[in-house]
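The file data04.cif contains mmCIF, C-alpha atoms and all ligand atoms:
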```
data_upload
loop_
_atom_site.label_atom_id
_atom_site.label_comp_id
_atom_site.auth_asym_id
_atom_site.auth_seq_id
_atom_site.Cartn_x
_atom_site.Cartn_y
_atom_site.Cartn_z
CA MET B 1058 24.52 5.90 -15.16
CA LYS B 1059 25.46 9.55 -15.78
CA LYS B 1060 22.84 12.20 -15.06
CA THR B 1061 21.56 14.19 -18.03
CA GLY B 1062 21.08 17.51 -16.24
CA ASN B 1063 17.27 17.46 -16.48
CA LYS B 1064 15.89 19.05 -13.33
CA LEU B 1065 12.63 19.30 -11.43
CA SER B 1066 11.98 22.68 -13.11
CA ASP B 1067 12.13 20.93 -16.54
CA VAL B 1068 9.62 18.33 -15.34
CA GLN B 1069 7.32 21.02 -13.94
CA GLU B 1070 7.43 22.72 -17.34
CA VAL B 1071 6.46 19.44 -19.05
CA TYR B 1072 3.49 18.91 -16.73
CA SER B 1073 2.34 22.53 -17.03
CA GLY B 1074 2.38 22.45 -20.82
CA PHE B 1075 1.74 20.54 -24.03
CA GLU B 1076 3.78 17.41 -23.26
CA GLY B 1077 1.81 16.62 -20.10
CA ALA B 1078 -1.43 17.14 -22.03
CA LEU B 1079 -0.19 14.81 -24.77
CA TRP B 1080 0.76 12.08 -22.28
CA GLU B 1081 -2.72 12.33 -20.75
CA LEU B 1082 -4.32 12.16 -24.20
CA ILE B 1083 -2.65 8.84 -25.04
CA MET B 1084 -2.58 7.29 -21.54
CA GLY B 1085 -5.71 8.70 -19.88
CA GLU B 1086 -6.03 10.04 -16.35
CA GLN B 1087 -3.76 7.27 -15.12
CA ILE B 1088 -0.63 8.64 -16.75
CA HIS B 1089 1.32 5.38 -16.76
CA VAL B 1090 1.85 2.39 -19.01
CA GLY B 1091 -0.84 -0.28 -18.77
CA GLY B 1092 -3.52 1.84 -17.06
CA TYR B 1093 -5.97 0.08 -14.74
CA ALA B 1094 -4.54 -3.44 -15.22
CA SER B 1095 -1.06 -2.28 -14.26
CA SER B 1096 -2.39 -0.53 -11.14
CA LYS B 1097 -4.43 -3.60 -10.16
CA ALA B 1098 -1.42 -5.91 -10.46
CA LEU B 1099 0.63 -3.51 -8.33
CA GLY B 1100 -2.09 -2.94 -5.73
CA ASP B 1101 -2.89 -6.65 -5.40
CA SER B 1102 0.79 -7.40 -4.92
CA ALA B 1103 0.94 -4.80 -2.13
CA GLY B 1104 -2.32 -6.18 -0.68
CA TRP B 1105 -3.79 -2.84 0.46
CA LYS B 1106 -6.58 -3.16 3.05
CA GLU B 1107 -9.61 -0.94 3.63
CA ASN B 1108 -8.89 2.23 5.61
CA GLU B 1109 -5.12 1.89 5.33
CA GLU B 1110 -3.37 5.18 4.58
CA VAL B 1111 -1.46 5.15 1.30
CA LEU B 1112 0.62 7.99 -0.16
CA ASP B 1113 0.99 8.37 -3.94
CA LEU B 1114 4.31 10.08 -4.61
CA CYS B 1115 3.99 12.17 -7.80
CA SER B 1116 0.22 11.96 -7.95
CA ALA B 1117 -0.32 13.97 -11.19
CA VAL B 1118 -4.05 14.48 -11.94
CA GLY B 1119 -5.05 12.06 -9.20
CA GLY B 1120 -5.75 8.94 -11.27
CA GLY B 1121 -3.70 6.89 -8.80
CA VAL B 1122 -5.24 8.18 -5.58
CA ARG B 1123 -8.78 7.79 -6.95
CA PHE B 1124 -7.94 4.26 -8.13
CA LEU B 1125 -6.64 3.42 -4.64
CA ALA B 1126 -9.66 4.89 -2.84
CA ARG B 1127 -12.20 3.33 -5.22
CA VAL B 1128 -10.70 -0.15 -5.62
CA TYR B 1129 -9.15 -0.80 -2.18
CA GLY B 1130 -11.12 1.61 0.05
CA VAL B 1131 -7.92 3.11 1.41
CA LYS B 1132 -7.50 6.69 2.61
CA ALA B 1133 -5.28 8.08 -0.11
CA TYR B 1134 -2.84 10.97 -0.07
CA GLY B 1135 -0.93 12.53 -2.94
CA VAL B 1136 2.13 14.72 -3.27
CA ASP B 1137 3.06 16.38 -6.55
CA ALA B 1138 5.53 19.17 -7.33
CA THR B 1139 3.65 20.83 -10.21
CA PRO B 1140 0.97 23.33 -9.11
CA HIS B 1141 -0.99 22.84 -12.37
CA MET B 1142 -1.29 19.08 -11.68
CA VAL B 1143 -2.14 19.58 -8.01
CA ASN B 1144 -4.95 22.00 -8.89
CA ARG B 1145 -6.38 19.71 -11.54
CA SER B 1146 -6.22 16.67 -9.25
CA ILE B 1147 -8.09 18.51 -6.48
CA GLN B 1148 -10.84 19.52 -8.95
CA ARG B 1149 -11.21 15.97 -10.25
CA ILE B 1150 -11.19 14.40 -6.78
CA GLU B 1151 -13.98 16.76 -5.77
CA ALA B 1152 -15.97 16.03 -8.95
CA ASP B 1153 -15.57 12.29 -8.27
CA GLY B 1154 -16.90 12.70 -4.70
CA PHE B 1155 -13.69 11.59 -3.00
CA SER B 1156 -12.74 14.76 -1.12
CA ASP B 1157 -13.35 13.07 2.24
CA ARG B 1158 -11.00 10.15 1.47
CA ILE B 1159 -8.20 11.84 -0.45
CA GLU B 1160 -5.81 14.65 0.42
CA ILE B 1161 -3.38 16.24 -2.03
CA LYS B 1162 -0.41 18.46 -1.20
CA LEU B 1163 2.01 20.42 -3.35
CA GLY B 1164 5.48 19.12 -2.51
CA ASP B 1165 8.66 17.37 -3.56
CA ALA B 1166 8.91 13.59 -3.34
CA THR B 1167 12.42 14.01 -1.94
CA ASP B 1168 11.16 16.20 0.93
CA ILE B 1169 7.75 14.74 1.76
CA PRO B 1170 5.45 17.15 3.63
CA TYR B 1171 4.22 14.50 6.10
CA PRO B 1172 5.51 13.27 9.49
CA ALA B 1173 7.50 10.09 10.12
CA GLU B 1174 5.73 6.71 10.24
CA LYS B 1175 2.35 8.13 9.16
CA PHE B 1176 1.59 5.77 6.29
CA ASP B 1177 0.80 2.08 5.75
CA GLY B 1178 1.85 2.39 2.12
CA VAL B 1179 3.82 4.45 -0.39
CA TRP B 1180 2.79 4.18 -4.06
CA GLY B 1181 4.33 5.32 -7.33
CA GLU B 1182 3.48 4.60 -10.95
CA ASP B 1183 5.93 5.24 -13.79
CA THR B 1184 7.11 8.47 -12.34
CA TRP B 1185 10.17 8.18 -10.13
CA CYS B 1186 12.21 8.19 -13.35
CA TYR B 1187 11.64 11.98 -13.15
CA VAL B 1188 13.21 12.31 -9.70
CA GLU B 1189 16.74 13.72 -9.55
CA ASP B 1190 17.77 12.09 -6.26
CA LYS B 1191 16.26 8.60 -6.09
CA GLU B 1192 18.28 7.72 -2.95
CA LYS B 1193 16.63 10.64 -1.12
CA LEU B 1194 13.24 9.64 -2.51
CA ILE B 1195 13.53 6.10 -1.10
CA GLN B 1196 14.91 7.43 2.22
CA GLU B 1197 11.92 9.74 2.47
CA ALA B 1198 9.53 6.90 1.61
CA ALA B 1199 11.13 4.85 4.40
CA ARG B 1200 10.79 7.76 6.84
CA VAL B 1201 7.04 8.28 6.28
CA LEU B 1202 6.21 4.54 6.36
CA ARG B 1203 5.42 2.74 9.62
CA PRO B 1204 7.49 -0.40 10.30
CA GLY B 1205 5.77 -3.18 8.35
CA GLY B 1206 4.43 -0.63 5.84
CA LYS B 1207 4.91 -1.31 2.14
CA ILE B 1208 6.35 0.55 -0.81
CA ALA B 1209 4.87 -0.43 -4.18
CA PHE B 1210 5.81 1.08 -7.50
CA THR B 1211 6.33 0.65 -11.22
CA ASP B 1212 8.91 2.66 -13.11
CA TRP B 1213 10.58 3.13 -16.48
CA ILE B 1214 13.98 1.49 -16.27
CA VAL B 1215 17.00 0.33 -18.23
CA GLY B 1216 15.97 -3.15 -19.37
CA PRO B 1217 17.72 -6.48 -18.69
CA ALA B 1218 19.79 -6.23 -21.89
CA GLY B 1219 21.39 -2.98 -20.64
CA MET B 1220 21.67 0.23 -22.62
CA ARG B 1221 24.52 2.37 -23.94
CA GLU B 1222 24.99 5.70 -22.12
CA GLU B 1223 24.18 7.70 -25.26
CA ASP B 1224 20.96 5.75 -25.92
CA SER B 1225 19.78 6.20 -22.37
CA ALA B 1226 20.67 9.92 -22.51
CA ARG B 1227 18.63 10.25 -25.71
CA ILE B 1228 15.53 8.75 -24.08
CA CYS B 1229 16.04 10.74 -20.87
CA ASN B 1230 16.41 13.98 -22.82
CA THR B 1231 13.20 13.36 -24.78
CA MET B 1232 11.29 12.49 -21.62
CA LYS B 1233 13.08 15.01 -19.32
CA PHE B 1234 14.27 12.25 -16.98
CA PRO B 1235 17.48 13.05 -15.06
CA TYR B 1236 18.48 9.35 -15.35
CA MET B 1237 17.01 5.85 -15.13
CA LEU B 1238 17.91 2.94 -12.88
CA ASP B 1239 17.80 -0.73 -13.79
CA GLN B 1240 15.88 -3.38 -11.83
CA LYS B 1241 18.91 -4.49 -9.81
CA GLU B 1242 19.81 -0.90 -8.88
CA TYR B 1243 16.28 -0.36 -7.59
CA GLU B 1244 16.48 -3.60 -5.56
CA GLU B 1245 19.79 -2.51 -4.03
CA LEU B 1246 18.44 0.97 -3.30
CA LEU B 1247 15.50 -0.52 -1.42
CA GLN B 1248 17.64 -3.00 0.49
CA ARG B 1249 20.17 -0.43 1.70
CA ASN B 1250 17.32 1.74 2.96
CA GLY B 1251 15.83 -0.94 5.19
CA PHE B 1252 13.33 -2.66 2.90
CA GLU B 1253 12.80 -6.36 2.31
CA ILE B 1254 11.72 -7.08 -1.25
CA ILE B 1255 8.44 -8.97 -1.69
CA GLU B 1256 8.19 -8.72 -5.48
CA SER B 1257 10.57 -7.58 -8.18
CA ALA B 1258 9.12 -8.18 -11.64
CA ASP B 1259 10.67 -7.08 -14.90
CA LEU B 1260 7.90 -5.92 -17.26
CA THR B 1261 10.16 -5.01 -20.17
CA ASP B 1262 8.64 -7.65 -22.47
CA THR B 1263 5.34 -5.70 -22.54
CA MET B 1264 6.84 -2.24 -23.13
CA ALA B 1265 7.01 -2.40 -26.94
CA GLU B 1266 3.30 -3.20 -27.40
CA HIS B 1267 2.37 -0.17 -25.29
CA ILE B 1268 4.69 2.17 -27.23
CA GLU B 1269 3.17 0.85 -30.47
CA ASN B 1270 -0.27 1.65 -29.08
CA TYR B 1271 0.79 5.26 -28.28
CA LEU B 1272 2.35 5.75 -31.72
CA GLY B 1273 -0.81 4.34 -33.32
CA GLN B 1274 -3.05 6.75 -31.40
CA LEU B 1275 -0.88 9.77 -32.26
CA ALA B 1276 -0.87 8.94 -35.98
CA GLY B 1277 -4.43 7.57 -36.16
CA GLN B 1278 -7.49 7.88 -33.94
CA ARG B 1279 -6.23 10.80 -31.85
CA HIS B 1280 -4.20 12.63 -34.49
CA PHE B 1281 -6.50 15.67 -34.60
CA ASP B 1282 -6.54 15.97 -30.79
CA ALA B 1283 -2.75 15.55 -30.64
CA MET B 1284 -2.23 18.27 -33.24
CA GLN B 1285 -4.59 20.61 -31.37
CA ILE B 1286 -2.40 20.15 -28.29
CA LEU B 1287 0.75 20.69 -30.40
CA ASP B 1288 -0.72 23.82 -32.02
CA TRP B 1289 -0.39 22.04 -35.39
CA ASN B 1290 3.39 22.06 -35.16
CA TYR B 1291 4.48 19.11 -37.32
CA ASP B 1292 8.16 19.62 -36.43
CA VAL B 1293 7.36 18.71 -32.82
CA PHE B 1294 5.02 15.88 -33.92
CA ASN B 1295 7.68 14.37 -36.19
CA PHE B 1296 10.36 14.75 -33.50
CA LEU B 1297 8.20 12.92 -30.95
CA GLY B 1298 7.32 10.24 -33.52
CA ALA B 1299 11.01 9.62 -34.23
CA GLU B 1300 11.94 9.54 -30.54
CA PHE B 1301 9.09 7.16 -29.65
CA GLY B 1302 10.20 5.05 -32.61
CA PHE B 1303 13.67 4.92 -31.06
CA MET B 1304 12.20 3.92 -27.68
CA LEU B 1305 10.22 1.18 -29.43
CA GLU B 1306 13.40 -0.18 -30.99
CA LYS B 1307 15.14 -0.17 -27.59
CA ALA B 1308 12.13 -1.80 -25.90
CA LYS B 1309 12.08 -4.59 -28.52
CA ALA B 1310 15.77 -5.17 -27.84
CA GLY B 1311 15.10 -5.50 -24.09
CA GLU B 1312 17.22 -2.42 -23.39
CA PHE B 1313 14.42 -0.10 -22.30
CA GLY B 1314 11.53 -1.20 -20.15
CA ARG B 1315 9.62 -1.16 -16.90
CA GLY B 1316 9.78 -2.82 -13.55
CA ARG B 1317 7.33 -3.49 -10.70
CA LEU B 1318 8.71 -3.58 -7.17
CA VAL B 1319 6.99 -4.15 -3.84
CA ALA B 1320 8.90 -4.14 -0.56
CA VAL B 1321 8.20 -3.99 3.16
CA LYS B 1322 9.88 -1.65 5.67
CA LYS B 1323 11.63 -3.83 8.24
C1 LIG B 1401 3.94 10.59 -15.23
S1 LIG B 1401 3.19 11.74 -14.15
C2 LIG B 1401 2.70 10.74 -12.81
C3 LIG B 1401 1.59 9.82 -13.17
C4 LIG B 1401 0.89 9.16 -12.03
N1 LIG B 1401 1.79 8.35 -11.27
C5 LIG B 1401 -0.22 8.34 -12.59
O1 LIG B 1401 -0.07 7.11 -12.67
O2 LIG B 1401 -1.23 8.91 -13.01
C6 LIG B 1401 4.58 12.56 -13.44
C7 LIG B 1401 4.24 13.49 -12.29
O3 LIG B 1401 5.37 13.53 -11.42
C8 LIG B 1401 5.47 14.80 -10.86
N2 LIG B 1401 6.83 14.94 -10.31
C9 LIG B 1401 8.00 14.78 -10.96
N3 LIG B 1401 9.05 14.94 -10.13
C10 LIG B 1401 8.52 15.16 -8.89
C11 LIG B 1401 9.07 15.35 -7.60
N4 LIG B 1401 10.39 15.39 -7.40
N5 LIG B 1401 8.23 15.53 -6.56
C12 LIG B 1401 6.89 15.50 -6.74
N6 LIG B 1401 6.30 15.34 -7.94
C13 LIG B 1401 7.11 15.16 -9.01
C14 LIG B 1401 5.12 15.72 -12.00
O4 LIG B 1401 4.74 16.99 -11.55
C15 LIG B 1401 3.99 14.95 -12.69
O5 LIG B 1401 2.72 15.38 -12.24
#
```
Rewrite the structure of this file - the entire thing - as structure tokens.
Ligand SMILES: C[S@@+](CC[C@H](N)C(=O)[O-])C[C@H]1O[C@@H](n2cnc3c(N)ncnc32)[C@H](O)[C@@H]1O
Amino acid sequence: MKKTGNKLSDVQEVYSGFEGALWELIMGEQIHVGGYASSKALGDSAGWKENEEVLDLCSAVGGGVRFLARVYGVKAYGVDATPHMVNRSIQRIEADGFSDRIEIKLGDATDIPYPAEKFDGVWGEDTWCYVEDKEKLIQEAARVLRPGGKIAFTDWIVGPAGMREEDSARICNTMKFPYMLDQKEYEELLQRNGFEIIESADLTDTMAEHIENYLGQLAGQRHFDAMQILDWNYDVFNFLGAEFGFMLEKAKAGEFGRGRLVAVKK
């Protein structure tokens, strides 16, 4: 798939401004589709054990690292490239009483600020779609994992029905993704970087119901809060409504979706 030209600086702008706030409004502190249940399915598939060290790549406001520390008792680490998100995650981790079990660093997922073979696990939830060089991301994940360590992630992908270049570019431009992979491309990426796949599940059939939920919140229960974030700009609101409507259509057609992948470093 062709790249759209969206860069890390565009993503940093999103997560320093109104779009990031809007995504948190409709998704909560776990800024990914499916919230707690999605994280639990991913974590159980990875089988994290108490006191293992797990790195969340693109840790946002720290919903993922706090989930990992609270539910599995792991020592969690996070790396995120947006200073605004790093600062907010550190505040929330402190307020939640997890400062002794969680460490957050400002950094790029394609140049991870940790030494080789440090971690038992690498974690990512609906976020590597933002990364410009996914090959480098997976190489870096492999570098920081010990042999036998696991990589576990969900991501927004091109669904099993495939998608036309222009439709994928439209979604990527709305979301500021450089490009999306499909499930098979992710599997191949993992395999050529020394991983053995344990689970590869296509979750596309549940994507439409989640998008409908977000559209419902924006138009209904959370409309006032959404408009506060958007500074009452109905042009932006209507644009986002139309673009999410387009994503819904593509999700229903099986062209746009999500995948869950868990793999072990050989
Ligand atoms: C959708 S949020 C992540 C949500 C998080 N996984 C969760 O479940 O709560 C996207 C985050 O990815 C970060 N990000 C995007 N590209 C990055 C990169 N190359 N390196 C590090 N962080 C990145 C953004 O700063 C933003 O905080």
Q: Within 12 Å of B:Glu1086, counting all atoms listed in the file, which residues show up once you throw out same-chain ones fewer than 6 positions away? Write them as a list in words, please.
A: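 The neighbour list is Gly1077, Ala1078, Leu1079, Trp1080, Gly1092, Tyr1093, Ser1116, Ala1117, Val1118, Gly1119, Gly1120, Gly1121, Val1122, Arg1123, Phe1124, Met1142, Arg1145, Ser1146, Arg1149 and Ile1150 of chain B.
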Q.
Can you pull out every residue with an atom within 7 Å of ligand LIG 1401 (chain B)? Use only C-alpha atoms and all ligand atoms and format it as JSON, numbers by chain.
A. {"B": [1065, 1068, 1069, 1072, 1086, 1087, 1088, 1089, 1114, 1115, 1116, 1117, 1118, 1119, 1120, 1121, 1136, 1137, 1138, 1139, 1142, 1164, 1165, 1166, 1167, 1181, 1182, 1183, 1184, 1185, 1187, 1188, 1189]}
Q: Find the residues with any atom within 12 Å of (4.9, 20.5, -23.5); use all atoms listed in the file and the coordinates as given in the file, and write the answer as a list of chain:residue names.
A: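 Those residues, ordered by chain and then number, are B:Asp1067, B:Val1068, B:Gln1069, B:Glu1070, B:Val1071, B:Tyr1072, B:Ser1073, B:Gly1074, B:Phe1075, B:Glu1076, B:Gly1077, B:Ala1078, B:Leu1079, B:Trp1080, B:Glu1081, B:Thr1231, B:Met1232, B:Lys1233, B:Ala1283, B:Ile1286, B:Leu1287, B:Asp1288, B:Asn1290, B:Val1293, B:Phe1294, B:Leu1297.
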Store the residues picked out above in a file with C-alpha atoms, as a PDB file, in the coordinates of the input.
```pdb
ATOM      1  CA  ASP B1067      12.130  20.930 -16.540  1.00  0.00           C
ATOM      2  CA  VAL B1068       9.620  18.330 -15.340  1.00  0.00           C
ATOM      3  CA  GLN B1069       7.320  21.020 -13.940  1.00  0.00           C
ATOM      4  CA  GLU B1070       7.430  22.720 -17.340  1.00  0.00           C
ATOM      5  CA  VAL B1071       6.460  19.440 -19.050  1.00  0.00           C
ATOM      6  CA  TYR B1072       3.490  18.910 -16.730  1.00  0.00           C
ATOM      7  CA  SER B1073       2.340  22.530 -17.030  1.00  0.00           C
ATOM      8  CA  GLY B1074       2.380  22.450 -20.820  1.00  0.00           C
ATOM      9  CA  PHE B1075       1.740  20.540 -24.030  1.00  0.00           C
ATOM     10  CA  GLU B1076       3.780  17.410 -23.260  1.00  0.00           C
ATOM     11  CA  GLY B1077       1.810  16.620 -20.100  1.00  0.00           C
ATOM     12  CA  ALA B1078      -1.430  17.140 -22.030  1.00  0.00           C
ATOM     13  CA  LEU B1079      -0.190  14.810 -24.770  1.00  0.00           C
ATOM     14  CA  TRP B1080       0.760  12.080 -22.280  1.00  0.00           C
ATOM     15  CA  GLU B1081      -2.720  12.330 -20.750  1.00  0.00           C
ATOM     16  CA  THR B1231      13.200  13.360 -24.780  1.00  0.00           C
ATOM     17  CA  MET B1232      11.290  12.490 -21.620  1.00  0.00           C
ATOM     18  CA  LYS B1233      13.080  15.010 -19.320  1.00  0.00           C
ATOM     19  CA  ALA B1283      -2.750  15.550 -30.640  1.00  0.00           C
ATOM     20  CA  ILE B1286      -2.400  20.150 -28.290  1.00  0.00           C
ATOM     21  CA  LEU B1287       0.750  20.690 -30.400  1.00  0.00           C
ATOM     22  CA  ASP B1288      -0.720  23.820 -32.020  1.00  0.00           C
ATOM     23  CA  ASN B1290       3.390  22.060 -35.160  1.00  0.00           C
ATOM     24  CA  VAL B1293       7.360  18.710 -32.820  1.00  0.00           C
ATOM     25  CA  PHE B1294       5.020  15.880 -33.920  1.00  0.00           C
ATOM     26  CA  LEU B1297       8.200  12.920 -30.950  1.00  0.00           C
TER      27      LEU B1297
END
```
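In this comparison, which uses all atoms listed in the file, the residue of B:Leu1125, B:Leu1247, B:Ala1265, B:Ala1152 approaching B:Ile1208 most closely is B:Leu1247.
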Q: Up to 8 Å from (-7.3, 5.5, 4.1) in the file's coordinates: name the residues, counting only C-alpha atoms, as JSON, numbers by chain.
A: {"B": [1107, 1108, 1109, 1110, 1111, 1126, 1130, 1131, 1132, 1133, 1158, 1159]}
Q: Find the spatial neighbours of B:Arg1279, counting only C-alpha atoms, within a cut-off of 10 Å - ignore same-chain residues fewer than 6 positions away - and output them as a list in words.
A: Leu1082, Ile1083, Tyr1271, Leu1272, Gly1273 and Gln1285 of chain B
(Q) Which residue is closest to B:Asp1262? Choose from B:Gly1311, B:Gly1277, B:Pro1140, B:Pro1204 and count all atoms listed in the file. (A)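 Of the candidates, the smallest distance to B:Asp1262 is held by B:Gly1311.
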Q: Would you work out the distance separating atom CA of B:Arg1249 from atom CA of B:Val1201, expressed in Å to one decimal?
A: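 It comes out at 16.4 Å.
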Q: Kindly indicate which residue among B:Gln1148, B:Gln1196, B:Ser1066, B:Ser1257 lies nearest to B:Arg1317, using all atoms listed in the file for the distances.
A: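 Distance minimum relative to B:Arg1317 lands on B:Ser1257.
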Q: Could you check how far atom CA of B:Ile1161 sits from atom CA of B:Val1179, in Å to one decimal?
A: 13.9 Å
Q) What is the atom CA of B:Gly1085 to atom CA of B:Ala1308 distance in Å? A)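 Atom CA of B:Gly1085 sits 21.6 Å away from atom CA of B:Ala1308.
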Q) Using all atoms listed in the file, which residues sit within 10 Å of stretch 1176-1178 of chain B once same-chain residues fewer than 2 positions away are excluded, as a PyMOL selection string? A) chain B and resi 1103-1106+1108-1113+1131-1134+1171-1174+1180+1198-1209+1320-1322
